[in-house]
Amino acid sequence: MIRRLLHNGILAMWTALLLMALLGCSDVRNRVALFLEEPQIRKAAQRYLDAEVRRDLKEAYTCLAPSSAYMTTNPSYEDYLREAQTSSSRIIDYKILEISKLRDNHDREKYPRIEKFVQVEVDVIVSFEDNKKTVPVNYSFTFIKENGKWYKG
């Protein structure tokens, strides 16, 4: 009985050490984090892209990260609306292909409010109103996590 308990204890200790070593590897840690965060990231990407397809500019604007480069230079909805209304292109359909490259923000000095970054690869169909052409485009969007919420970067 004591021998069996000792054997199980040693086995449990080796298992715990192996798990700690694996979780210490940033690649494994990032994959686990991506697995856990993927539903929220996908939901944020779909929310943004659905708003673009519906041409719901107010909703698309609310999907933009408050600390993104765009928002820091164009902080008002009126600026965004003016720019969006002058654009001849628009997304008319999309398909999310992959969510990858989840990483922590390692430059808090430069990006103090950002917790994480991730890439969302999407096939989009873009329509150009000025020449009536429709073009498929593969694009990688950056999404940003701020205050526990995912936004388009």
# chains A, B, ... in the order shown; residues from 1 in each chain; ligands from 1
>>> residues_around(residues="A:Lys58", least_positions_apart="3", cutoff="10 Å", atoms="only C-alpha atoms", output="PyMOL selection string")
chain A and resi 51-52+55+61-63+77-78+80-81
>>> select_by_dssp(residues="chain A", states="strand (DSSP E)", output="CSV table (one decimal) with N, CA and C atoms, in the first residue's frame")
chain,number,residue,atom,x,y,z
A,89,SER,N,-15.4,52.2,-51.8
A,89,SER,CA,-15.4,50.8,-51.6
A,89,SER,C,-16.1,50.4,-50.4
A,90,ARG,N,-16.6,49.2,-50.4
A,90,ARG,CA,-17.3,48.6,-49.2
A,90,ARG,C,-17.2,47.1,-49.3
A,91,ILE,N,-17.3,46.5,-48.1
A,91,ILE,CA,-17.3,45.1,-47.9
A,91,ILE,C,-18.7,44.6,-48.1
A,92,ILE,N,-18.9,43.7,-49.0
A,92,ILE,CA,-20.3,43.1,-49.2
A,92,ILE,C,-20.4,41.7,-48.7
A,93,ASP,N,-19.3,41.0,-48.5
A,93,ASP,CA,-19.4,39.7,-47.9
A,93,ASP,C,-18.0,39.3,-47.3
A,94,TYR,N,-18.0,38.3,-46.5
A,94,TYR,CA,-16.7,37.9,-45.9
A,94,TYR,C,-16.8,36.5,-45.4
A,95,LYS,N,-15.6,35.9,-45.2
A,95,LYS,CA,-15.5,34.6,-44.5
A,95,LYS,C,-14.3,34.6,-43.7
A,96,ILE,N,-14.4,34.4,-42.4
A,96,ILE,CA,-13.3,34.3,-41.5
A,96,ILE,C,-12.5,33.0,-41.7
A,97,LEU,N,-11.3,33.1,-42.0
A,97,LEU,CA,-10.5,31.9,-42.3
A,97,LEU,C,-9.7,31.4,-41.1
A,98,GLU,N,-9.0,32.3,-40.4
A,98,GLU,CA,-8.2,31.8,-39.3
A,98,GLU,C,-8.0,33.0,-38.3
A,99,ILE,N,-7.9,32.6,-37.1
A,99,ILE,CA,-7.5,33.5,-36.0
A,99,ILE,C,-6.2,32.9,-35.4
A,100,SER,N,-5.2,33.8,-35.5
A,100,SER,CA,-3.9,33.3,-35.1
A,100,SER,C,-3.0,34.4,-34.5
A,101,LYS,N,-1.8,34.0,-34.1
A,101,LYS,CA,-0.8,34.9,-33.6
A,101,LYS,C,-1.3,35.8,-32.4
A,102,LEU,N,-2.0,35.1,-31.5
A,102,LEU,CA,-2.3,35.8,-30.2
A,102,LEU,C,-1.0,36.1,-29.5
A,103,ARG,N,-0.9,37.3,-29.0
A,103,ARG,CA,0.3,37.7,-28.3
A,103,ARG,C,0.0,38.8,-27.2
A,104,ASP,N,0.7,38.7,-26.1
A,104,ASP,CA,0.6,39.8,-25.1
A,104,ASP,C,1.2,41.0,-25.6
A,114,ILE,N,-3.5,48.5,-24.1
A,114,ILE,CA,-3.7,47.3,-24.9
A,114,ILE,C,-3.2,46.1,-24.1
A,115,GLU,N,-4.0,45.1,-23.9
A,115,GLU,CA,-3.6,43.9,-23.2
A,115,GLU,C,-3.0,42.8,-24.2
A,116,LYS,N,-3.7,42.6,-25.4
A,116,LYS,CA,-3.3,41.6,-26.3
A,116,LYS,C,-3.5,42.0,-27.7
A,117,PHE,N,-2.9,41.3,-28.7
A,117,PHE,CA,-3.1,41.5,-30.1
A,117,PHE,C,-3.4,40.1,-30.7
A,118,VAL,N,-4.1,40.1,-31.8
A,118,VAL,CA,-4.4,38.8,-32.5
A,118,VAL,C,-4.6,39.2,-34.0
A,119,GLN,N,-4.3,38.2,-34.9
A,119,GLN,CA,-4.6,38.4,-36.3
A,119,GLN,C,-5.8,37.6,-36.7
A,120,VAL,N,-6.7,38.2,-37.5
A,120,VAL,CA,-7.9,37.6,-38.0
A,120,VAL,C,-7.8,37.6,-39.5
A,121,GLU,N,-7.5,36.5,-40.1
A,121,GLU,CA,-7.4,36.4,-41.6
A,121,GLU,C,-8.8,36.2,-42.2
A,122,VAL,N,-9.2,37.0,-43.2
A,122,VAL,CA,-10.5,37.0,-43.7
A,122,VAL,C,-10.5,37.1,-45.2
A,123,ASP,N,-11.3,36.4,-45.9
A,123,ASP,CA,-11.6,36.6,-47.3
A,123,ASP,C,-12.8,37.6,-47.4
A,124,VAL,N,-12.6,38.7,-48.0
A,124,VAL,CA,-13.7,39.7,-48.1
A,124,VAL,C,-14.0,39.9,-49.6
A,125,ILE,N,-15.2,40.2,-49.9
A,125,ILE,CA,-15.6,40.6,-51.2
A,125,ILE,C,-15.8,42.1,-51.1
A,126,VAL,N,-15.0,42.9,-51.9
A,126,VAL,CA,-15.1,44.3,-51.9
A,126,VAL,C,-15.8,44.8,-53.2
A,127,SER,N,-16.7,45.7,-53.0
A,127,SER,CA,-17.4,46.3,-54.1
A,127,SER,C,-16.9,47.7,-54.2
A,128,PHE,N,-16.7,48.1,-55.5
A,128,PHE,CA,-16.2,49.5,-55.8
A,128,PHE,C,-17.4,50.2,-56.5
A,133,LYS,N,-17.1,47.4,-59.9
A,133,LYS,CA,-16.4,46.1,-59.9
A,133,LYS,C,-16.5,45.5,-58.5
A,134,THR,N,-16.4,44.2,-58.5
A,134,THR,CA,-16.4,43.4,-57.2
A,134,THR,C,-15.1,42.6,-57.2
A,135,VAL,N,-14.4,42.6,-56.1
A,135,VAL,CA,-13.1,42.0,-56.1
A,135,VAL,C,-12.9,41.2,-54.8
A,136,PRO,N,-12.5,39.9,-54.9
A,136,PRO,CA,-12.2,39.1,-53.7
A,136,PRO,C,-10.8,39.6,-53.2
A,137,VAL,N,-10.7,39.7,-51.9
A,137,VAL,CA,-9.4,40.2,-51.3
A,137,VAL,C,-9.2,39.3,-50.0
A,138,ASN,N,-8.0,38.9,-49.8
A,138,ASN,CA,-7.6,38.2,-48.6
A,138,ASN,C,-6.9,39.3,-47.7
A,139,TYR,N,-7.4,39.4,-46.5
A,139,TYR,CA,-6.9,40.5,-45.6
A,139,TYR,C,-6.7,39.9,-44.2
A,140,SER,N,-5.7,40.4,-43.5
A,140,SER,CA,-5.4,40.1,-42.2
A,140,SER,C,-5.7,41.3,-41.3
A,141,PHE,N,-6.8,41.3,-40.5
A,141,PHE,CA,-7.1,42.3,-39.6
A,141,PHE,C,-6.4,42.1,-38.2
A,142,THR,N,-6.0,43.2,-37.6
A,142,THR,CA,-5.5,43.1,-36.3
A,142,THR,C,-6.6,43.4,-35.3
A,143,PHE,N,-6.8,42.6,-34.3
A,143,PHE,CA,-7.8,42.9,-33.3
A,143,PHE,C,-7.0,43.1,-32.0
A,144,ILE,N,-7.5,43.9,-31.1
A,144,ILE,CA,-6.8,44.4,-29.9
A,144,ILE,C,-7.8,44.1,-28.7
A,145,LYS,N,-7.2,43.7,-27.6
A,145,LYS,CA,-7.9,43.5,-26.4
A,145,LYS,C,-7.6,44.6,-25.5
A,146,GLU,N,-8.6,45.4,-25.1
A,146,GLU,CA,-8.5,46.5,-24.1
A,146,GLU,C,-9.6,46.3,-23.0
A,149,LYS,N,-12.0,43.5,-23.4
A,149,LYS,CA,-12.9,43.4,-24.6
A,149,LYS,C,-12.1,43.5,-25.8
A,150,TRP,N,-12.5,42.7,-26.9
A,150,TRP,CA,-11.8,42.7,-28.2
A,150,TRP,C,-12.4,43.7,-29.1
A,151,TYR,N,-11.5,44.4,-29.8
A,151,TYR,CA,-11.9,45.5,-30.8
A,151,TYR,C,-11.1,45.3,-32.0
A,152,LYS,N,-11.6,45.9,-33.1
A,152,LYS,CA,-10.8,45.9,-34.3
A,152,LYS,C,-9.7,47.0,-34.1
>>> select_by_dssp(residues="chain A", states="alpha helix (DSSP H)", output="PyMOL selection string")
chain A and resi 2-24+26-54+57-62+69-73+77-86
>>> atom_distance(atom1="atom CA of A:Tyr111", atom2="atom CA of A:Asn74")
17.2 Å
>>> atom_distance(atom1="atom CA of A:Asp130", atom2="atom CA of A:Ser87")
9.4 Å
>>> closest_residue(among="A:Lys132, A:Asp107, A:Ser76, A:Gly153", to="A:Ala44", atoms="only C-alpha atoms")
A:Gly153
>>> closest_residue(among="A:Arg29, A:Lys110, A:Tyr48, A:Thr86", to="A:Ala69", atoms="only C-alpha atoms")
A:Lys110
